[in-house]
>>> print(open('work32.pdb').read())   # PDB, C-alpha atoms
ATOM      1  CA  MET A   1     -16.452 -10.614  -7.049
ATOM      2  CA  LEU A   2     -15.589  -7.107  -5.864
ATOM      3  CA  ALA A   3     -15.045  -8.312  -2.294
ATOM      4  CA  GLY A   4     -12.640 -10.950  -3.595
ATOM      5  CA  MET A   5     -10.678  -8.345  -5.550
ATOM      6  CA  VAL A   6     -10.423  -6.101  -2.508
ATOM      7  CA  THR A   7      -9.103  -9.013  -0.438
ATOM      8  CA  VAL A   8      -6.499  -9.857  -3.085
ATOM      9  CA  LEU A   9      -5.456  -6.202  -3.412
ATOM     10  CA  SER A  10      -5.148  -5.712   0.345
ATOM     11  CA  SER A  11      -3.186  -8.973   0.708
ATOM     12  CA  ALA A  12      -0.826  -7.776  -2.018
ATOM     13  CA  CYS A  13      -0.344  -4.450  -0.204
ATOM     14  CA  LEU A  14       0.258  -6.168   3.151
ATOM     15  CA  PHE A  15       2.662  -8.683   1.627
ATOM     16  CA  LEU A  16       4.667  -6.001  -0.208
ATOM     17  CA  GLY A  17       4.700  -3.831   2.925
ATOM     18  CA  ALA A  18       5.969  -6.741   5.016
ATOM     19  CA  PHE A  19       8.702  -7.411   2.445
ATOM     20  CA  LEU A  20       9.784  -3.753   2.577
ATOM     21  CA  LEU A  21       9.814  -3.847   6.393
ATOM     22  CA  ILE A  22      12.108  -6.885   6.313
ATOM     23  CA  SER A  23      14.306  -5.193   3.687
ATOM     24  CA  GLY A  24      14.578  -2.110   5.888
ATOM     25  CA  ALA A  25      15.535  -4.246   8.893
ATOM     26  CA  VAL A  26      18.170  -6.086   6.833
ATOM     27  CA  GLY A  27      19.511  -2.735   5.628
ATOM     28  CA  VAL A  28      19.781  -1.414   9.185
ATOM     29  CA  LEU A  29      21.832  -4.486  10.132
ATOM     30  CA  ARG A  30      23.874  -4.548   6.955
ATOM     31  CA  PHE A  31      24.867  -0.979   6.138
ATOM     32  CA  PRO A  32      28.247   0.209   7.450
ATOM     33  CA  ASP A  33      27.557   3.335   9.550
ATOM     34  CA  PHE A  34      24.879   5.331  11.339
ATOM     35  CA  PHE A  35      24.038   7.669   8.447
ATOM     36  CA  THR A  36      23.653   4.957   5.826
ATOM     37  CA  ARG A  37      21.473   3.014   8.263
ATOM     38  CA  MET A  38      19.148   6.016   8.457
ATOM     39  CA  HIS A  39      18.436   5.532   4.748
ATOM     40  CA  ALA A  40      17.484   1.892   5.298
ATOM     41  CA  ALA A  41      15.178   2.961   8.129
ATOM     42  CA  GLY A  42      13.687   5.491   5.694
ATOM     43  CA  VAL A  43      12.289   2.623   3.619
ATOM     44  CA  THR A  44      10.337   1.228   6.574
ATOM     45  CA  GLU A  45       8.886   4.580   7.550
ATOM     46  CA  THR A  46       7.704   5.704   4.111
ATOM     47  CA  LEU A  47       6.558   3.085   1.606
ATOM     48  CA  ALA A  48       6.351   0.102   3.988
ATOM     49  CA  THR A  49       4.033   1.807   6.496
ATOM     50  CA  THR A  50       2.012   3.345   3.659
ATOM     51  CA  LEU A  51       1.445  -0.053   2.045
ATOM     52  CA  ILE A  52       0.577  -1.797   5.339
ATOM     53  CA  LEU A  53      -1.892   0.924   6.317
ATOM     54  CA  LEU A  54      -3.335   0.979   2.780
ATOM     55  CA  GLY A  55      -3.870  -2.779   2.970
ATOM     56  CA  LEU A  56      -5.623  -2.416   6.338
ATOM     57  CA  MET A  57      -7.731   0.462   4.967
ATOM     58  CA  LEU A  58      -8.887  -1.717   2.061
ATOM     59  CA  LEU A  59      -9.898  -4.411   4.562
ATOM     60  CA  ALA A  60     -11.754  -1.895   6.744
ATOM     61  CA  GLY A  61     -13.714  -0.436   3.812
ATOM     62  CA  TRP A  62     -15.550   2.919   3.957
ATOM     63  CA  SER A  63     -15.742   3.274   7.727
ATOM     64  CA  ILE A  64     -14.545   5.390  10.614
ATOM     65  CA  LEU A  65     -11.712   2.870  11.031
ATOM     66  CA  SER A  66     -10.291   3.799   7.602
ATOM     67  CA  PHE A  67     -10.335   7.460   8.575
ATOM     68  CA  LYS A  68      -8.368   6.675  11.737
ATOM     69  CA  LEU A  69      -5.847   4.632   9.748
ATOM     70  CA  LEU A  70      -5.502   7.563   7.332
ATOM     71  CA  LEU A  71      -4.802   9.875  10.290
ATOM     72  CA  ILE A  72      -2.114   7.469  11.560
ATOM     73  CA  LEU A  73      -0.547   7.470   8.080
ATOM     74  CA  LEU A  74      -0.561  11.288   7.927
ATOM     75  CA  PHE A  75       1.026  11.619  11.372
ATOM     76  CA  ILE A  76       3.738   9.087  10.503
ATOM     77  CA  LEU A  77       4.525  10.806   7.188
ATOM     78  CA  ILE A  78       4.750  14.204   8.907
ATOM     79  CA  THR A  79       6.696  13.178  12.016
ATOM     80  CA  SER A  80       9.136  10.600  10.619
ATOM     81  CA  PRO A  81      11.260  13.012   8.532
ATOM     82  CA  VAL A  82      11.437  15.354  11.525
ATOM     83  CA  ALA A  83      12.657  12.482  13.713
ATOM     84  CA  SER A  84      15.217  11.382  11.095
ATOM     85  CA  HIS A  85      16.475  14.934  10.722
ATOM     86  CA  ALA A  86      16.744  15.361  14.514
ATOM     87  CA  LEU A  87      18.711  12.095  14.794
ATOM     88  CA  THR A  88      21.171  12.943  11.999
ATOM     89  CA  LYS A  89      21.628  16.474  13.278
ATOM     90  CA  ALA A  90      22.291  15.165  16.794
ATOM     91  CA  ALA A  91      24.836  12.697  15.375
ATOM     92  CA  LEU A  92      26.507  15.489  13.403
ATOM     93  CA  HIS A  93      26.708  17.752  16.451
ATOM     94  CA  GLY A  94      28.068  14.809  18.454
ATOM     95  CA  ASN A  95      30.990  14.835  15.981
ATOM     96  CA  LEU A  96      30.105  11.520  14.402
ATOM     97  CA  GLN A  97      31.851  11.615  11.030
ATOM     98  CA  PRO A  98      29.858  10.131   8.153
ATOM     99  CA  LEU A  99      31.600   7.387   6.245
ATOM    100  CA  VAL A 100      32.252   8.773   2.762
ATOM    101  CA  ASP A 101      33.164   6.806  -0.345
ATOM    102  CA  GLU A 102      36.696   7.742  -1.524
ATOM    103  CA  ASN A 103      35.504   8.290  -5.112
ATOM    104  CA  ASN A 104      33.104  10.982  -3.938
ATOM    105  CA  GLU A 105      35.530  13.100  -1.889
ATOM    106  CA  GLN A 106      35.093  16.743  -2.779
TER     107      GLN A 106
ATOM    108  CA  MET B 107      -9.786  35.162  11.344
ATOM    109  CA  LYS B 108      -9.619  32.675   8.458
ATOM    110  CA  HIS B 109      -6.792  30.855  10.229
ATOM    111  CA  CYS B 110      -9.010  30.457  13.317
ATOM    112  CA  LEU B 111     -11.849  29.126  11.160
ATOM    113  CA  SER B 112      -9.517  26.671   9.442
ATOM    114  CA  LEU B 113      -8.210  25.461  12.821
ATOM    115  CA  ALA B 114     -11.790  25.030  14.070
ATOM    116  CA  PHE B 115     -12.652  23.051  10.933
ATOM    117  CA  VAL B 116      -9.641  20.728  11.320
ATOM    118  CA  LEU B 117     -10.417  20.136  15.009
ATOM    119  CA  MET B 118     -14.085  19.469  14.204
ATOM    120  CA  VAL B 119     -13.177  16.866  11.569
ATOM    121  CA  LEU B 120     -10.731  15.255  14.023
ATOM    122  CA  TRP B 121     -13.395  15.062  16.747
ATOM    123  CA  LEU B 122     -16.118  13.689  14.438
ATOM    124  CA  GLY B 123     -13.736  11.224  12.808
ATOM    125  CA  ASN B 124     -12.314   9.891  16.034
ATOM    126  CA  SER B 125     -15.439   9.759  18.194
ATOM    127  CA  GLY B 126     -17.966   7.873  16.063
ATOM    128  CA  TYR B 127     -20.770   8.732  18.526
ATOM    129  CA  TYR B 128     -23.200  11.379  17.338
ATOM    130  CA  SER B 129     -25.528  11.867  20.332
ATOM    131  CA  PRO B 130     -26.441  15.493  21.197
ATOM    132  CA  LEU B 131     -24.468  15.356  24.472
ATOM    133  CA  LEU B 132     -21.198  14.239  22.835
ATOM    134  CA  LEU B 133     -21.639  16.616  19.881
ATOM    135  CA  SER B 134     -22.114  19.586  22.212
ATOM    136  CA  LEU B 135     -19.097  18.508  24.278
ATOM    137  CA  GLY B 136     -17.145  18.358  21.008
ATOM    138  CA  ALA B 137     -18.305  21.816  19.958
ATOM    139  CA  PHE B 138     -17.317  23.152  23.387
ATOM    140  CA  SER B 139     -13.839  21.539  23.160
ATOM    141  CA  VAL B 140     -13.266  22.953  19.669
ATOM    142  CA  VAL B 141     -14.258  26.475  20.684
ATOM    143  CA  PHE B 142     -12.147  26.253  23.851
ATOM    144  CA  ALA B 143      -9.091  24.915  21.959
ATOM    145  CA  VAL B 144      -9.356  27.637  19.299
ATOM    146  CA  TRP B 145      -9.742  30.312  21.980
ATOM    147  CA  VAL B 146      -6.656  29.061  23.883
ATOM    148  CA  SER B 147      -4.554  28.849  20.688
ATOM    149  CA  HIS B 148      -5.693  32.326  19.695
ATOM    150  CA  ARG B 149      -4.679  33.660  23.121
ATOM    151  CA  MET B 150      -1.315  31.893  22.795
ATOM    152  CA  ASP B 151      -0.898  33.672  19.437
ATOM    153  CA  VAL B 152       0.016  30.480  17.603
ATOM    154  CA  VAL B 153      -2.798  30.604  15.012
ATOM    155  CA  ASP B 154      -1.082  32.177  12.024
ATOM    156  CA  HIS B 155       0.074  31.438   8.498
ATOM    157  CA  GLU B 156       2.696  29.019   9.857
ATOM    158  CA  SER B 157       0.437  26.713  11.847
ATOM    159  CA  GLN B 158      -2.361  26.970   9.247
ATOM    160  CA  PRO B 159      -0.558  27.368   5.886
ATOM    161  CA  LEU B 160      -3.700  28.097   3.882
ATOM    162  CA  HIS B 161      -1.793  29.940   1.161
ATOM    163  CA  LEU B 162      -0.012  26.673   0.260
ATOM    164  CA  SER B 163      -3.055  24.424   0.125
ATOM    165  CA  GLY B 164      -3.806  25.133  -3.540
ATOM    166  CA  HIS B 165      -0.617  23.850  -5.147
ATOM    167  CA  ILE B 166       0.633  21.500  -2.468
ATOM    168  CA  SER B 167      -1.554  18.564  -3.542
ATOM    169  CA  PHE B 168       0.145  18.488  -6.969
ATOM    170  CA  PHE B 169       3.526  18.658  -5.267
ATOM    171  CA  TYR B 170       2.620  15.753  -2.975
ATOM    172  CA  CYS B 171       1.491  13.638  -5.938
ATOM    173  CA  TRP B 172       4.859  14.253  -7.582
ATOM    174  CA  LEU B 173       6.651  13.536  -4.291
ATOM    175  CA  VAL B 174       4.821  10.207  -3.814
ATOM    176  CA  GLY B 175       6.074   9.069  -7.243
ATOM    177  CA  LYS B 176       9.592  10.136  -6.269
ATOM    178  CA  ILE B 177       9.350   8.297  -2.916
ATOM    179  CA  ILE B 178       8.243   5.063  -4.601
ATOM    180  CA  LEU B 179      11.119   5.214  -7.120
ATOM    181  CA  SER B 180      13.761   5.928  -4.484
ATOM    182  CA  ASN B 181      12.342   3.200  -2.203
ATOM    183  CA  ILE B 182      12.817   0.661  -4.999
ATOM    184  CA  ASP B 183      16.369   1.937  -5.520
ATOM    185  CA  VAL B 184      17.298   1.722  -1.818
ATOM    186  CA  VAL B 185      15.732  -1.756  -1.385
ATOM    187  CA  LYS B 186      17.707  -2.936  -4.414
ATOM    188  CA  ARG B 187      20.918  -1.646  -2.851
ATOM    189  CA  ILE B 188      20.094  -3.230   0.515
ATOM    190  CA  TRP B 189      19.873  -6.663  -1.079
ATOM    191  CA  LEU B 190      22.890  -6.092  -3.359
ATOM    192  CA  GLY B 191      25.038  -5.318  -0.311
ATOM    193  CA  ASN B 192      27.544  -2.720   0.764
ATOM    194  CA  LYS B 193      29.472  -2.714  -2.527
ATOM    195  CA  SER B 194      26.559  -1.076  -4.329
ATOM    196  CA  ILE B 195      26.491   2.044  -2.127
ATOM    197  CA  SER B 196      28.817   5.052  -2.226
ATOM    198  CA  PRO B 197      27.777   7.366   0.643
ATOM    199  CA  CYS B 198      28.549  11.037   0.211
ATOM    200  CA  VAL B 199      27.842  14.419   1.788
ATOM    201  CA  ALA B 200      27.146  17.628  -0.119
ATOM    202  CA  ARG B 201      26.030  21.167   0.595
ATOM    203  CA  LEU B 202      23.192  22.231  -1.685
ATOM    204  CA  PRO B 203      21.773  25.708  -2.263
ATOM    205  CA  LEU B 204      18.256  26.592  -1.068
ATOM    206  CA  SER B 205      16.254  28.895  -3.298
ATOM    207  CA  GLN B 206      13.250  29.163  -0.962
ATOM    208  CA  LYS B 207      12.682  32.524   0.666
ATOM    209  CA  THR B 208      10.447  31.642   3.600
ATOM    210  CA  ASP B 209      11.172  29.346   6.552
ATOM    211  CA  MET B 210       8.136  27.294   5.586
ATOM    212  CA  GLY B 211       9.552  26.648   2.108
ATOM    213  CA  LYS B 212      12.922  25.610   3.529
ATOM    214  CA  VAL B 213      11.235  23.210   5.958
ATOM    215  CA  ILE B 214       9.131  21.664   3.185
ATOM    216  CA  TYR B 215      12.213  21.188   1.000
ATOM    217  CA  ALA B 216      14.360  19.714   3.809
ATOM    218  CA  ASN B 217      11.501  17.420   4.873
ATOM    219  CA  SER B 218      10.967  16.268   1.292
ATOM    220  CA  ILE B 219      14.683  15.450   1.038
ATOM    221  CA  THR B 220      14.478  13.398   4.239
ATOM    222  CA  LEU B 221      11.208  11.740   3.233
ATOM    223  CA  THR B 222      12.737  10.276   0.051
ATOM    224  CA  PRO B 223      14.880   7.326   1.155
ATOM    225  CA  GLY B 224      18.489   7.613   0.030
ATOM    226  CA  THR B 225      18.838  11.249   1.022
ATOM    227  CA  VAL B 226      18.710  12.838   4.487
ATOM    228  CA  SER B 227      18.977  16.551   5.230
ATOM    229  CA  MET B 228      21.479  16.932   8.070
ATOM    230  CA  ASP B 229      21.596  20.643   8.718
ATOM    231  CA  ILE B 230      20.346  23.963   7.383
ATOM    232  CA  GLU B 231      22.701  26.924   7.495
ATOM    233  CA  GLY B 232      21.554  30.177   5.970
ATOM    234  CA  ALA B 233      20.684  29.463   2.348
ATOM    235  CA  THR B 234      22.283  26.015   2.144
ATOM    236  CA  VAL B 235      21.275  22.545   3.259
ATOM    237  CA  LEU B 236      23.753  19.784   4.151
ATOM    238  CA  VAL B 237      22.616  16.494   2.619
ATOM    239  CA  HIS B 238      23.847  12.957   3.249
ATOM    240  CA  ALA B 239      23.097  10.556   0.402
ATOM    241  CA  LEU B 240      23.441   6.828  -0.072
ATOM    242  CA  THR B 241      24.897   7.156  -3.570
ATOM    243  CA  ALA B 242      26.478   9.855  -5.708
ATOM    244  CA  GLU B 243      23.530   9.604  -8.144
ATOM    245  CA  ASN B 244      21.129  10.709  -5.414
ATOM    246  CA  ILE B 245      23.159  13.881  -4.881
ATOM    247  CA  ALA B 246      23.415  14.463  -8.630
ATOM    248  CA  GLU B 247      19.637  14.211  -8.905
ATOM    249  CA  LEU B 248      19.122  16.755  -6.120
ATOM    250  CA  LYS B 249      21.707  19.046  -7.712
ATOM    251  CA  ASP B 250      19.604  19.079 -10.876
ATOM    252  CA  GLY B 251      17.286  21.062  -8.634
ATOM    253  CA  GLU B 252      13.867  19.853  -9.756
ATOM    254  CA  MET B 253      12.646  19.364  -6.176
ATOM    255  CA  ASN B 254      14.175  22.686  -5.131
ATOM    256  CA  ARG B 255      12.379  24.481  -7.969
ATOM    257  CA  ARG B 256       9.052  22.776  -7.283
ATOM    258  CA  VAL B 257       9.137  23.745  -3.591
ATOM    259  CA  ALA B 258      10.154  27.317  -4.478
ATOM    260  CA  ASP B 259       7.179  27.472  -6.865
ATOM    261  CA  LEU B 260       4.863  26.587  -3.957
ATOM    262  CA  GLU B 261       5.698  29.851  -2.220
ATOM    263  CA  LEU B 262       4.317  32.079  -4.943
TER     264      LEU B 262
END
>>> encode(input="work32.pdb", output="structure tokens")
Amino acid sequence: MLAGMVTVLSSACLFLGAFLLISGAVGVLRFPDFFTRMHAAGVTETLATTLILLGLMLLAGWSILSFKLLLILLFILITSPVASHALTKAALHGNLQPLVDENNEQ
Amino acid sequence: MKHCLSLAFVLMVLWLGNSGYYSPLLLSLGAFSVVFAVWVSHRMDVVDHESQPLHLSGHISFFYCWLVGKIILSNIDVVKRIWLGNKSISPCVARLPLSQKTDMGKVIYANSITLTPGTVSMDIEGATVLVHALTAENIAELKDGEMNRRVADLEL
């Protein structure tokens, strides 16, 4: 009974994570400029990876494998904002002008 | 001293968690590696309150719980806008004030901004951070300053 619930829960996590990964990929293709695409990539590197790794952790159970997956999750959550920030800052210093909506001009 | 002990503890947990073999030979090799790594980092003078932010560890778990909720909400928002298409977004750039005093606080705030989809911190200049957001609402929410205040509270 419990094993069945864990399988269902982990499948739900993996399925939702996969959906978010696809959404992020669609966003990267669809959004108009570099900076807005960073936001779409942000979806894949936060909630999507968390859900996929959580699903795998549920499958692995209380083992050393779960601990390693948790470490991977921690490293991704710590390094991905640094990478995003470095990319946007590099784009800004390369004089790439962000596309700004006319209604929001300040 | 307490920073060295905390570094040794973290390295020990990493070794035990990643090895999975608990024979005396491998354990003693692990102990040797930990002591050697701590000694080298101590000599390099990188073991301090910045690499081992012990003073933050008390309140930061509450902050992370709050941040996870925020991340989930903004993920749903961004995914919705991805599927609705380009008409639903209104990208904008704004310069927001930083009320954190230490470098560590500024980094935590800027990283939290980047970690929530829909907002990316582009640059930090003095006491301001340049933020690019997917919609005007995202900027308005940051301007309310709840995240700023929560990170500033961590420093106390």
>>> closest_atom_pairs(input="work32.pdb", of="chain A", to="chain B", cutoff="9 Å", atoms="all atoms listed in the file", output="CSV")
residue,atom,partner,partner_atom,distance
A:Leu20,CA,B:Val185,CA,7.4
A:Ser23,CA,B:Val185,CA,6.3
A:Gly24,CA,B:Val185,CA,7.4
A:Val26,CA,B:Ile188,CA,7.2
A:Gly27,CA,B:Ile188,CA,5.2
A:Val28,CA,B:Ile188,CA,8.9
A:Arg30,CA,B:Gly191,CA,7.4
A:Phe31,CA,B:Asn192,CA,6.3
A:Pro32,CA,B:Asn192,CA,7.3
A:Phe35,CA,B:His238,CA,7.4
A:Thr36,CA,B:Leu240,CA,6.2
A:Met38,CA,B:Val226,CA,7.9
A:His39,CA,B:Gly224,CA,5.2
A:Ala40,CA,B:Val184,CA,7.1
A:Ala41,CA,B:Pro223,CA,8.2
A:Gly42,CA,B:Pro223,CA,5.0
A:Val43,CA,B:Asn181,CA,5.9
A:Glu45,CA,B:Leu221,CA,8.7
A:Thr46,CA,B:Leu221,CA,7.0
A:Leu47,CA,B:Ile178,CA,6.7
A:Ile64,CA,B:Gly123,CA,6.3
A:Leu65,CA,B:Asn124,CA,8.6
A:Phe67,CA,B:Gly123,CA,6.6
A:Lys68,CA,B:Asn124,CA,6.7
A:Leu71,CA,B:Leu120,CA,8.8
A:Leu77,CA,B:Leu221,CA,7.8
A:Ile78,CA,B:Asn217,CA,8.5
A:Ser80,CA,B:Leu221,CA,7.8
A:Pro81,CA,B:Thr220,CA,5.4
A:Val82,CA,B:Asn217,CA,7.0
A:Ser84,CA,B:Thr220,CA,7.2
A:His85,CA,B:Met228,CA,6.0
A:Ala86,CA,B:Met228,CA,8.1
A:Leu87,CA,B:Met228,CA,8.7
A:Thr88,CA,B:Met228,CA,5.6
A:Lys89,CA,B:Met228,CA,5.2
A:Ala90,CA,B:Met228,CA,8.9
A:Leu92,CA,B:Met228,CA,7.5
A:Pro98,CA,B:Val199,CA,7.9
A:Leu99,CA,B:Pro197,CA,6.8
A:Val100,CA,B:Cys198,CA,5.0
A:Asp101,CA,B:Ser196,CA,5.1
A:Glu102,CA,B:Ser196,CA,8.4
A:Asn103,CA,B:Ser196,CA,8.0
A:Asn104,CA,B:Cys198,CA,6.2
A:Glu105,CA,B:Cys198,CA,7.6
A:Gln106,CA,B:Ala200,CA,8.4
>>> resolve_selection(input="work32.pdb", expression="the PyMOL selection byres ((chain A and resi 5-19) around 9)", output="PyMOL selection string")
chain A and resi 1-4+20-24+44+47-59
>>> residues_around(input="work32.pdb", residues="Leu133 in chain B", least_positions_apart="5", cutoff="10 Å", atoms="only C-alpha atoms", output="list in words")
Met118, Trp121, Leu122, Ser125, Tyr127, Tyr128, Phe138 and Ser139 of chain B
>>> resolve_selection(input="work32.pdb", expression="the PyMOL selection byres ((chain B and resi 153) around 10)", output="JSON, numbers by chain")
{"B": [107, 108, 109, 110, 111, 112, 113, 144, 145, 146, 147, 148, 149, 150, 151, 152, 154, 155, 156, 157, 158, 159]}
>>> atom_distance(input="work32.pdb", atom1="CA of Val237 in chain B", atom2="CA of Asp259 in chain B")
21.2 Å
>>> atom_distance(input="work32.pdb", atom1="CA of Gly211 in chain B", atom2="CA of Val235 in chain B")
12.5 Å
